[in-house]
Every structure is written in structure tokens, then in C-alpha cells.
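Student: Pasting coords07.tsv here (TSV, C-alpha atoms):
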chain	number	residue	atom	x	y	z
A	1	MET	CA	-165.96	69.39	249.90
A	2	LYS	CA	-166.66	72.27	252.28
A	3	LYS	CA	-170.07	73.75	251.38
A	4	ASN	CA	-169.54	77.48	251.76
A	5	LEU	CA	-166.73	79.78	252.79
A	6	THR	CA	-167.37	81.85	255.90
A	7	LYS	CA	-167.25	85.64	255.79
A	8	LYS	CA	-163.91	85.59	257.62
A	9	GLU	CA	-162.48	83.08	255.13
A	10	ILE	CA	-163.66	85.18	252.19
A	11	GLU	CA	-162.02	88.27	253.68
A	12	ARG	CA	-158.80	86.47	254.67
A	13	TYR	CA	-158.28	84.88	251.25
A	14	SER	CA	-159.96	87.55	249.14
A	15	ARG	CA	-156.86	88.50	247.13
A	16	GLN	CA	-156.46	84.97	245.80
A	17	ILE	CA	-160.15	84.12	245.58
A	18	VAL	CA	-160.49	86.96	243.06
A	19	LEU	CA	-158.10	85.14	240.73
A	20	LYS	CA	-160.07	83.37	238.01
A	21	ASP	CA	-157.88	80.27	238.42
A	22	VAL	CA	-158.76	80.07	242.12
A	23	GLY	CA	-162.20	81.41	243.00
A	24	ALA	CA	-164.30	80.10	245.86
A	25	ARG	CA	-164.13	76.54	244.56
A	26	GLY	CA	-160.35	76.60	244.39
A	27	GLN	CA	-160.09	78.10	247.86
A	28	LYS	CA	-162.20	75.27	249.22
A	29	GLN	CA	-159.79	72.80	247.60
A	30	ILE	CA	-156.86	74.56	249.27
A	31	ILE	CA	-158.61	74.42	252.66
A	32	LYS	CA	-159.32	70.71	252.17
A	33	SER	CA	-155.72	69.85	251.20
A	34	LYS	CA	-153.17	67.99	253.31
A	35	VAL	CA	-149.50	68.89	252.87
A	36	LEU	CA	-146.49	67.48	254.70
A	37	ILE	CA	-143.26	69.50	254.94
A	38	ILE	CA	-140.08	67.54	255.62
A	39	GLY	CA	-137.49	69.81	257.23
A	40	SER	CA	-138.13	73.15	258.90
A	41	GLY	CA	-135.02	75.08	257.94
A	42	GLY	CA	-134.22	77.48	255.12
A	43	LEU	CA	-136.78	75.90	252.78
A	44	GLY	CA	-139.31	74.63	255.30
A	45	CYS	CA	-139.82	78.05	256.88
A	46	PRO	CA	-141.00	79.93	253.75
A	47	ILE	CA	-142.96	76.88	252.58
A	48	ALA	CA	-144.86	76.68	255.89
A	49	ASP	CA	-145.36	80.44	256.00
A	50	SER	CA	-146.75	80.74	252.46
A	51	LEU	CA	-148.97	77.67	252.61
A	52	SER	CA	-150.50	78.67	255.94
A	53	ARG	CA	-151.25	82.16	254.61
A	54	ALA	CA	-152.83	80.62	251.50
A	55	GLY	CA	-155.14	78.57	253.71
A	56	VAL	CA	-153.86	75.00	253.29
A	57	GLY	CA	-156.12	73.31	255.81
A	58	ASN	CA	-153.83	70.61	257.13
A	59	ILE	CA	-150.06	71.05	257.38
A	60	GLY	CA	-147.64	68.49	258.77
A	61	ILE	CA	-144.08	69.40	259.72
A	62	ALA	CA	-141.33	66.86	260.41
A	63	ASP	CA	-137.95	67.82	261.89
A	64	PHE	CA	-135.92	66.85	264.95
A	65	ASP	CA	-133.63	69.89	265.18
A	66	LYS	CA	-133.54	72.90	267.51
A	67	VAL	CA	-133.09	76.53	266.49
A	68	GLN	CA	-129.49	77.76	266.48
A	69	LEU	CA	-128.17	81.30	266.11
A	70	SER	CA	-126.65	80.46	262.71
A	71	ASN	CA	-130.10	79.44	261.40
A	72	ILE	CA	-131.74	82.82	261.75
A	73	HIS	CA	-130.15	84.58	258.76
A	74	ARG	CA	-132.04	82.35	256.29
A	75	GLN	CA	-134.76	80.55	258.28
A	76	SER	CA	-137.37	83.26	258.17
A	77	ILE	CA	-139.84	82.13	260.82
A	78	PHE	CA	-137.33	82.08	263.69
A	79	ASN	CA	-135.97	84.91	265.81
A	80	THR	CA	-133.35	85.21	268.56
A	81	ASN	CA	-135.83	84.28	271.29
A	82	ASP	CA	-136.40	80.90	269.61
A	83	ILE	CA	-132.80	79.68	270.04
A	84	GLY	CA	-132.74	76.28	271.76
A	85	LYS	CA	-136.40	75.51	271.01
A	86	TYR	CA	-137.60	72.69	268.75
A	87	LYS	CA	-138.16	74.08	265.26
A	88	THR	CA	-141.39	72.17	264.70
A	89	LEU	CA	-142.98	73.58	267.85
A	90	VAL	CA	-141.89	77.15	267.02
A	91	ILE	CA	-143.34	76.88	263.51
A	92	LYS	CA	-146.60	75.40	264.80
A	93	ASN	CA	-147.02	78.28	267.24
A	94	ARG	CA	-146.15	80.82	264.53
A	95	ILE	CA	-148.68	79.31	262.11
A	96	ASN	CA	-151.33	79.50	264.82
A	97	LEU	CA	-150.67	83.24	264.98
A	98	ILE	CA	-150.57	83.66	261.19
A	99	ASN	CA	-153.69	81.63	260.47
A	100	PRO	CA	-155.56	79.92	263.33
A	101	LEU	CA	-157.80	78.17	260.78
A	102	VAL	CA	-154.94	75.85	259.79
A	103	LYS	CA	-154.54	72.51	261.55
A	104	VAL	CA	-150.87	71.73	262.21
A	105	LYS	CA	-149.47	68.32	263.09
A	106	ILE	CA	-145.82	68.11	264.08
A	107	PHE	CA	-143.45	65.14	264.00
A	108	ASN	CA	-140.48	65.93	266.20
A	109	LYS	CA	-138.35	63.13	264.78
A	110	LYS	CA	-135.96	62.22	262.00
A	111	ILE	CA	-137.51	60.62	258.92
A	112	VAL	CA	-136.20	57.04	258.53
A	113	GLU	CA	-137.33	53.78	256.92
A	114	LYS	CA	-139.06	52.64	260.12
A	115	ASN	CA	-141.35	55.63	260.56
A	116	ILE	CA	-141.85	57.17	257.12
A	117	LYS	CA	-145.00	55.20	256.25
A	118	ASN	CA	-146.87	56.36	259.35
A	119	ILE	CA	-145.75	59.95	258.83
A	120	ILE	CA	-146.61	60.42	255.14
A	121	LYS	CA	-149.71	58.20	254.87
A	122	ASP	CA	-152.31	60.88	255.67
A	123	PHE	CA	-150.92	63.58	253.38
A	124	ASP	CA	-151.54	64.14	249.66
A	125	ILE	CA	-148.50	66.26	248.84
A	126	ILE	CA	-145.00	65.85	250.31
A	127	VAL	CA	-142.67	68.86	250.20
A	128	ASP	CA	-138.98	68.25	250.79
A	129	GLY	CA	-137.00	70.90	252.62
A	130	SER	CA	-134.29	68.57	253.89
A	131	ASP	CA	-130.57	69.24	253.70
A	132	ASN	CA	-129.33	65.80	252.65
A	133	PHE	CA	-129.78	63.43	249.73
A	134	LYS	CA	-130.42	60.38	251.89
A	135	THR	CA	-133.70	61.93	253.04
A	136	LYS	CA	-134.58	63.14	249.54
A	137	PHE	CA	-134.10	59.66	248.06
A	138	LEU	CA	-136.09	58.11	250.93
A	139	LEU	CA	-138.98	60.48	250.23
A	140	ASN	CA	-138.67	59.68	246.53
A	141	LYS	CA	-138.86	55.92	247.22
A	142	TYR	CA	-141.90	56.05	249.49
A	143	SER	CA	-143.73	58.71	247.52
A	144	ILE	CA	-143.51	56.32	244.56
A	145	LYS	CA	-144.70	53.42	246.71
A	146	TYR	CA	-147.73	55.28	248.04
A	147	LYS	CA	-148.37	57.34	244.88
A	148	LYS	CA	-147.87	60.77	246.42
A	149	ASN	CA	-147.10	64.13	244.87
A	150	LEU	CA	-143.55	65.13	245.80
A	151	ILE	CA	-141.84	68.51	245.48
A	152	ILE	CA	-138.12	68.61	246.20
A	153	GLY	CA	-135.91	71.62	246.80
A	154	ALA	CA	-132.17	72.05	247.27
A	155	ILE	CA	-130.08	75.15	247.96
A	156	SER	CA	-126.37	76.00	248.15
A	157	LYS	CA	-124.34	79.20	247.75
A	158	PHE	CA	-126.35	81.28	245.22
A	159	ASP	CA	-128.08	78.29	243.64
A	160	GLY	CA	-131.39	76.51	243.92
A	161	HIS	CA	-132.89	73.37	242.37
A	162	ILE	CA	-136.58	72.45	242.32
A	163	PHE	CA	-138.14	69.14	241.22
A	164	SER	CA	-141.85	68.30	241.06
A	165	PHE	CA	-143.20	64.75	240.75
A	166	ASN	CA	-146.66	63.26	240.41
A	167	PHE	CA	-146.30	59.59	241.27
A	168	LYS	CA	-149.95	58.91	240.56
A	169	ASN	CA	-148.73	58.98	236.97
A	170	MET	CA	-145.95	56.41	236.81
A	171	LYS	CA	-145.07	57.27	233.22
A	172	GLU	CA	-142.94	60.14	234.50
A	173	PRO	CA	-139.37	60.00	235.89
A	174	CYS	CA	-138.32	60.21	239.53
A	175	LEU	CA	-135.40	61.76	241.42
A	176	LYS	CA	-133.23	58.67	240.87
A	177	CYS	CA	-133.72	59.03	237.13
A	178	PHE	CA	-132.00	62.43	237.27
A	179	TYR	CA	-129.04	61.48	239.45
A	180	GLN	CA	-126.93	58.83	237.74
A	181	ASN	CA	-124.76	58.58	240.87
A	182	ASN	CA	-125.52	59.45	244.45
A	183	PRO	CA	-124.41	63.08	244.96
A	184	SER	CA	-122.42	64.12	248.00
A	185	ASP	CA	-124.22	65.87	250.85
A	186	ASP	CA	-121.28	68.28	251.01
A	187	ILE	CA	-122.91	70.37	248.27
A	188	LEU	CA	-125.93	70.96	250.56
A	189	ASN	CA	-123.82	71.75	253.61
A	190	CYS	CA	-124.41	75.43	254.35
A	191	GLU	CA	-121.74	75.40	257.06
A	192	GLN	CA	-119.05	74.35	254.56
A	193	GLU	CA	-120.37	75.74	251.28
A	194	GLY	CA	-122.20	78.81	252.56
A	195	ILE	CA	-125.46	80.29	251.33
A	196	LEU	CA	-126.93	83.73	250.76
A	197	GLY	CA	-130.10	83.96	252.88
A	198	PRO	CA	-132.60	85.12	250.22
A	199	ILE	CA	-131.88	82.01	248.11
A	200	ALA	CA	-133.78	79.92	250.66
A	201	GLY	CA	-136.79	82.23	250.52
A	202	VAL	CA	-136.93	82.24	246.73
A	203	VAL	CA	-136.67	78.46	246.36
A	204	GLY	CA	-139.02	77.72	249.26
A	205	ASN	CA	-141.67	80.04	247.86
A	206	ILE	CA	-141.38	78.47	244.40
A	207	GLN	CA	-141.97	75.09	246.08
A	208	ALA	CA	-145.02	76.51	247.88
A	209	ASN	CA	-146.29	77.90	244.57
A	210	GLU	CA	-145.92	74.46	242.97
A	211	VAL	CA	-147.93	72.96	245.85
A	212	LEU	CA	-150.80	75.37	245.28
A	213	LYS	CA	-150.72	74.74	241.51
A	214	LYS	CA	-150.99	71.00	242.18
A	215	ILE	CA	-153.90	71.49	244.56
A	216	LEU	CA	-155.71	73.72	242.08
A	217	LYS	CA	-154.59	71.74	239.01
A	218	ILE	CA	-153.59	74.90	237.17
A	219	GLY	CA	-150.66	76.21	235.15
A	220	LYS	CA	-147.61	74.50	233.76
A	221	GLY	CA	-145.65	72.25	236.08
A	222	ILE	CA	-142.02	71.18	236.14
A	223	THR	CA	-142.73	67.45	236.27
A	224	GLY	CA	-140.09	65.59	234.29
A	225	SER	CA	-137.65	68.45	234.56
A	226	ILE	CA	-135.53	70.38	237.04
A	227	LEU	CA	-135.72	74.13	237.54
A	228	ILE	CA	-132.21	75.48	238.12
A	229	ILE	CA	-131.81	78.94	239.61
A	230	ASN	CA	-128.69	81.04	240.04
A	231	LEU	CA	-129.44	84.33	241.77
A	232	LEU	CA	-125.90	85.63	241.49
A	233	ASN	CA	-126.30	85.90	237.72
A	234	LEU	CA	-130.12	85.96	237.72
A	235	SER	CA	-130.39	82.89	235.50
A	236	PHE	CA	-133.38	80.55	235.47
A	237	ARG	CA	-133.41	77.44	233.29
A	238	LYS	CA	-135.44	74.26	233.05
A	239	VAL	CA	-133.73	71.00	232.11
A	240	ILE	CA	-135.83	68.06	230.94
A	241	PHE	CA	-134.80	64.53	231.91
A	242	LYS	CA	-136.28	61.16	231.02
A	243	LYS	CA	-137.27	58.03	232.87
A	244	LYS	CA	-134.23	55.80	233.36
A	245	ARG	CA	-134.25	52.09	232.71
A	246	GLU	CA	-133.97	49.81	235.74
A	247	CYS	CA	-134.82	52.67	238.11
A	248	ILE	CA	-136.86	52.09	241.29
A	249	CYS	CA	-139.78	53.89	239.63
A	250	GLN	CA	-139.93	51.13	236.98
A	251	SER	CA	-140.71	48.35	239.46
Translate the structure of the given file into C-alpha cells.
Tutor:
Amino acid sequence: MKKNLTKKEIERYSRQIVLKDVGARGQKQIIKSKVLIIGSGGLGCPIADSLSRAGVGNIGIADFDKVQLSNIHRQSIFNTNDIGKYKTLVIKNRINLINPLVKVKIFNKKIVEKNIKNIIKDFDIIVDGSDNFKTKFLLNKYSIKYKKNLIIGAISKFDGHIFSFNFKNMKEPCLKCFYQNNPSDDILNCEQEGILGPIAGVVGNIQANEVLKKILKIGKGITGSILIINLLNLSFRKVIFKKKRECICQS
């Protein structure tokens, strides 16, 4: 572990170092951590922003898309001048401005079976900000295989869902245990279903908060449950689910 924080690091992170659950030791753990963000849209933007400001030392970002005008209302890192540019490159440049102490590695490609091992292997925590269940289930499968921490988010309309998994402990359920049948990607389609912009920021920041709690090993987690948010009615509820027989996490 890093021996001592520099004066600049102490000043930069002073407001969280003063927290008794963080301190200098916790900040050094944050700096040492390696977090991969899958997707750089409505969820990926606030996740990358918050984690870079917190001082996560190594951040990976995987996405193959370019910024479009319709993205800007909810994807908080981008502005009009970024239209047509690769999202991963824009976010990397923005993080360099926010916190030049953070090392950023970008993967300008779609996550598929053929490349997922090489992309996730060097990271401790995987954060899902994708907009389709195929990717979420793929991350679930390989996070189990390589015993990663996985935090999944989903947003639509006024709603948000957050899952948190620690696959180093295989006594706990996985994403497939929650979904009895494969859900349709239509419910995550912002173009068809619509979404209020702040929903993305709220859910993405909760995911970032869960990442930091995992790094610091503090607080209560949501492992084995789903946090369901509706910001139209300001309702927050946590639903517990159990490990399912004959699931991929049983093998």
C-alpha cells in the first residue's frame, strides 16, 4: 500500500479523509483500487465523475459509442462540442482535467464473449452502466467466473434499479437468480420509453457510492437484494432475493 499521502492529495481529498470511516488509510485504499466502468452513458458519466473525484487510482472505461445530441440531457460529462466524438475518449480527457492523479484506461469496443476476459481481468470491481440485459448477464457470468465485485444499474422513465454482488463469496445470489426469465431490452430503451435526466445521476451516484463502500469495506451493502427507486413518487425500497437452484452461480 502507498506509504504516505502527499500534501496535494491530503488537500484534494480532505473532506473525505476527515470522515472516521475513511481517514488516510482508507484514502490510500481508494487510490490503490482498480474499477472498470462498462458503458459511458447516463450511468457511466456520473460514476466516472464521482469515482475520479474520490481518487480511485485506476479507472477503466469500455464503450464503443459516439456522443449524440440526444445524449446530453442525461449524460452529464458531455457537452455540445463533444458531439461525434468517442465517449470513452471524451471521458478520459475530462477525468484528466478533474483529477490528473487518476490513471484512465479506455476500451473503445463492445463487450462480447471474445474480449471480456482481457478487459475485466486487471480490475477488482466491475460497474455496469450498460443499456441492455445481454451485456448485464455477460458481466454477471464472467464476474462469477473470475470472482469479481459487480455493481449493476438500470434506469427507465422515473425508475432506477441497483444490484451489488460480491462473487468472492459464492453463497450469495447473482443477477440470474433475480430474473426468472430474460427481460426485454425495450424497458431500458430511452428512445422508446423515455427518461427524466436526473434519474441517471441519482442511480449512477448510488452505484459510485457502493463502489467506495466496497473499497473501504464499510456500511451496509445491498448484496442479495435490489434497491428500487421511483423518483416520481420519491419511493425507495429494497427487495431481498435468494440464490436460485440450477443457476449459473451454482456451478
Student: Considering only C-alpha atoms, can you say which of A:Leu212, A:Pro183, A:Ile72, A:Ile83 comes closest to Asn149 in chain A?
Tutor: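 Looking at the shortest contact to Asn149 in chain A, the residue is A:Leu212.
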Student: If we count only C-alpha atoms and set the cut-off at 7 Å, which residues sit around range 44-61 of chain A, ignoring sequence neighbours fewer than 2 positions away in its own chain? Please answer as a CSV table (one decimal) with C-alpha atoms, in the coordinates of the input.
Tutor:
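As written to disk, result.csv reads:
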chain,number,residue,atom,x,y,z
A,13,TYR,CA,-158.3,84.9,251.2
A,30,ILE,CA,-156.9,74.6,249.3
A,31,ILE,CA,-158.6,74.4,252.7
A,32,LYS,CA,-159.3,70.7,252.2
A,33,SER,CA,-155.7,69.8,251.2
A,34,LYS,CA,-153.2,68.0,253.3
A,35,VAL,CA,-149.5,68.9,252.9
A,36,LEU,CA,-146.5,67.5,254.7
A,37,ILE,CA,-143.3,69.5,254.9
A,38,ILE,CA,-140.1,67.5,255.6
A,39,GLY,CA,-137.5,69.8,257.2
A,40,SER,CA,-138.1,73.2,258.9
A,41,GLY,CA,-135.0,75.1,257.9
A,42,GLY,CA,-134.2,77.5,255.1
A,63,ASP,CA,-138.0,67.8,261.9
A,75,GLN,CA,-134.8,80.6,258.3
A,76,SER,CA,-137.4,83.3,258.2
A,77,ILE,CA,-139.8,82.1,260.8
A,88,THR,CA,-141.4,72.2,264.7
A,95,ILE,CA,-148.7,79.3,262.1
A,98,ILE,CA,-150.6,83.7,261.2
A,99,ASN,CA,-153.7,81.6,260.5
A,102,VAL,CA,-154.9,75.8,259.8
A,103,LYS,CA,-154.5,72.5,261.6
A,104,VAL,CA,-150.9,71.7,262.2
A,105,LYS,CA,-149.5,68.3,263.1
A,106,ILE,CA,-145.8,68.1,264.1
A,107,PHE,CA,-143.4,65.1,264.0
A,129,GLY,CA,-137.0,70.9,252.6
A,201,GLY,CA,-136.8,82.2,250.5
A,204,GLY,CA,-139.0,77.7,249.3
A,205,ASN,CA,-141.7,80.0,247.9
A,207,GLN,CA,-142.0,75.1,246.1
A,208,ALA,CA,-145.0,76.5,247.9
Student: Within 8 Å of Asp65 in chain A, counting only C-alpha atoms, which residues show up once you throw out same-chain ones fewer than 4 positions away? Write them as an mmCIF file with C-alpha atoms, in the frame of the given file, please.
Tutor:
data_model
loop_
_atom_site.group_PDB
_atom_site.id
_atom_site.type_symbol
_atom_site.label_atom_id
_atom_site.label_comp_id
_atom_site.auth_asym_id
_atom_site.auth_seq_id
_atom_site.Cartn_x
_atom_site.Cartn_y
_atom_site.Cartn_z
ATOM 1 C CA TYR A 86 -137.600 72.690 268.750
ATOM 2 C CA LYS A 87 -138.160 74.080 265.260
ATOM 3 C CA ASN A 108 -140.480 65.930 266.200
#
Student: Quick one: residues within 7 Å of (-129.1, 83.9, 257.3) (file frame), counting all atoms listed in the file, please, as a list of chain:residue names.
Tutor: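 In the file's frame, the residues around the point are A:Ser70, A:Asn71, A:Ile72, A:His73, A:Arg74, A:Gln75, A:Leu196, A:Gly197.
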Student: Could you list, with a cut-off of 12 Å and counting all atoms listed in the file, the residues of range 149-223 of chain A near range 236-240 of chain A, each shown with its nearest atom pair and the distance in Å rounded to one decimal, rows sorted by chain and ascending number, as a tab-separated table?
Tutor:
residue	atom	partner	partner_atom	distance
A:Asp159	CA	A:Phe236	CA	10.0
A:Gly160	CA	A:Phe236	CA	9.6
A:His161	CA	A:Lys238	CA	9.7
A:Ile162	CA	A:Lys238	CA	9.5
A:Phe163	CA	A:Lys238	CA	10.0
A:Ser164	CA	A:Ile240	CA	11.8
A:Glu172	CA	A:Ile240	CA	11.2
A:Pro173	CA	A:Ile240	CA	10.1
A:Cys174	CA	A:Ile240	CA	11.9
A:Cys177	CA	A:Ile240	CA	11.1
A:Phe178	CA	A:Ile240	CA	9.3
A:Val202	CA	A:Phe236	CA	11.9
A:Val203	CA	A:Phe236	CA	11.6
A:Gly221	CA	A:Lys238	CA	10.8
A:Ile222	CA	A:Lys238	CA	7.9
A:Thr223	CA	A:Ile240	CA	8.7
Student: How many Å separate CA of Val127 in chain A from CA of Val211 in chain A?
Tutor: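 Taking CA of Val127 in chain A as the start and CA of Val211 in chain A as the end point, the length is 8.0 Å.
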Student: Grab the CA of Lys66 in chain A to CA of Leu43 in chain A distance for me, in Å with one decimal place.
Tutor: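 Atom-to-atom, CA of Lys66 in chain A to CA of Leu43 in chain A, that is 15.4 Å.
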Student: For range 128-144 of chain A, supply N, CA and C atoms and format the output as an mmCIF file, in the frame of the given file.
Tutor:
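Okay, this is what ended up in result_24.cif:
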data_model
loop_
_atom_site.group_PDB
_atom_site.id
_atom_site.type_symbol
_atom_site.label_atom_id
_atom_site.label_comp_id
_atom_site.auth_asym_id
_atom_site.auth_seq_id
_atom_site.Cartn_x
_atom_site.Cartn_y
_atom_site.Cartn_z
ATOM 1 N N ASP A 128 -140.293 68.491 250.199
ATOM 2 C CA ASP A 128 -138.980 68.250 250.790
ATOM 3 C C ASP A 128 -138.234 69.561 251.024
ATOM 4 N N GLY A 129 -137.849 69.777 252.280
ATOM 5 C CA GLY A 129 -137.000 70.900 252.620
ATOM 6 C C GLY A 129 -135.787 70.424 253.388
ATOM 7 N N SER A 130 -135.411 69.162 253.158
ATOM 8 C CA SER A 130 -134.290 68.570 253.890
ATOM 9 C C SER A 130 -132.956 69.063 253.343
ATOM 10 N N ASP A 131 -131.898 68.777 254.099
ATOM 11 C CA ASP A 131 -130.570 69.240 253.700
ATOM 12 C C ASP A 131 -129.609 68.101 253.390
ATOM 13 N N ASN A 132 -130.184 66.940 252.991
ATOM 14 C CA ASN A 132 -129.330 65.800 252.650
ATOM 15 C C ASN A 132 -130.029 64.906 251.635
ATOM 16 N N PHE A 133 -129.228 64.252 250.802
ATOM 17 C CA PHE A 133 -129.780 63.430 249.730
ATOM 18 C C PHE A 133 -130.346 62.109 250.225
ATOM 19 N N LYS A 134 -129.874 61.625 251.345
ATOM 20 C CA LYS A 134 -130.420 60.380 251.890
ATOM 21 C C LYS A 134 -131.920 60.545 252.163
ATOM 22 N N THR A 135 -132.288 61.668 252.767
ATOM 23 C CA THR A 135 -133.700 61.930 253.040
ATOM 24 C C THR A 135 -134.479 62.139 251.755
ATOM 25 N N LYS A 136 -133.903 62.871 250.809
ATOM 26 C CA LYS A 136 -134.580 63.140 249.540
ATOM 27 C C LYS A 136 -134.872 61.840 248.786
ATOM 28 N N PHE A 137 -133.896 60.930 248.755
ATOM 29 C CA PHE A 137 -134.100 59.660 248.060
ATOM 30 C C PHE A 137 -135.089 58.772 248.813
ATOM 31 N N LEU A 138 -135.114 58.868 250.141
ATOM 32 C CA LEU A 138 -136.090 58.110 250.930
ATOM 33 C C LEU A 138 -137.502 58.601 250.639
ATOM 34 N N LEU A 139 -137.673 59.913 250.574
ATOM 35 C CA LEU A 139 -138.980 60.480 250.230
ATOM 36 C C LEU A 139 -139.385 60.089 248.815
ATOM 37 N N ASN A 140 -138.425 60.088 247.911
ATOM 38 C CA ASN A 140 -138.670 59.680 246.530
ATOM 39 C C ASN A 140 -139.185 58.236 246.488
ATOM 40 N N LYS A 141 -138.508 57.357 247.208
ATOM 41 C CA LYS A 141 -138.860 55.920 247.220
ATOM 42 C C LYS A 141 -140.283 55.697 247.745
ATOM 43 N N TYR A 142 -140.602 56.325 248.876
ATOM 44 C CA TYR A 142 -141.900 56.050 249.490
ATOM 45 C C TYR A 142 -143.035 56.871 248.874
ATOM 46 N N SER A 143 -142.701 57.980 248.263
ATOM 47 C CA SER A 143 -143.730 58.710 247.520
ATOM 48 C C SER A 143 -144.146 57.922 246.284
ATOM 49 N N ILE A 144 -143.189 57.220 245.667
ATOM 50 C CA ILE A 144 -143.510 56.320 244.560
ATOM 51 C C ILE A 144 -144.395 55.182 245.062
#
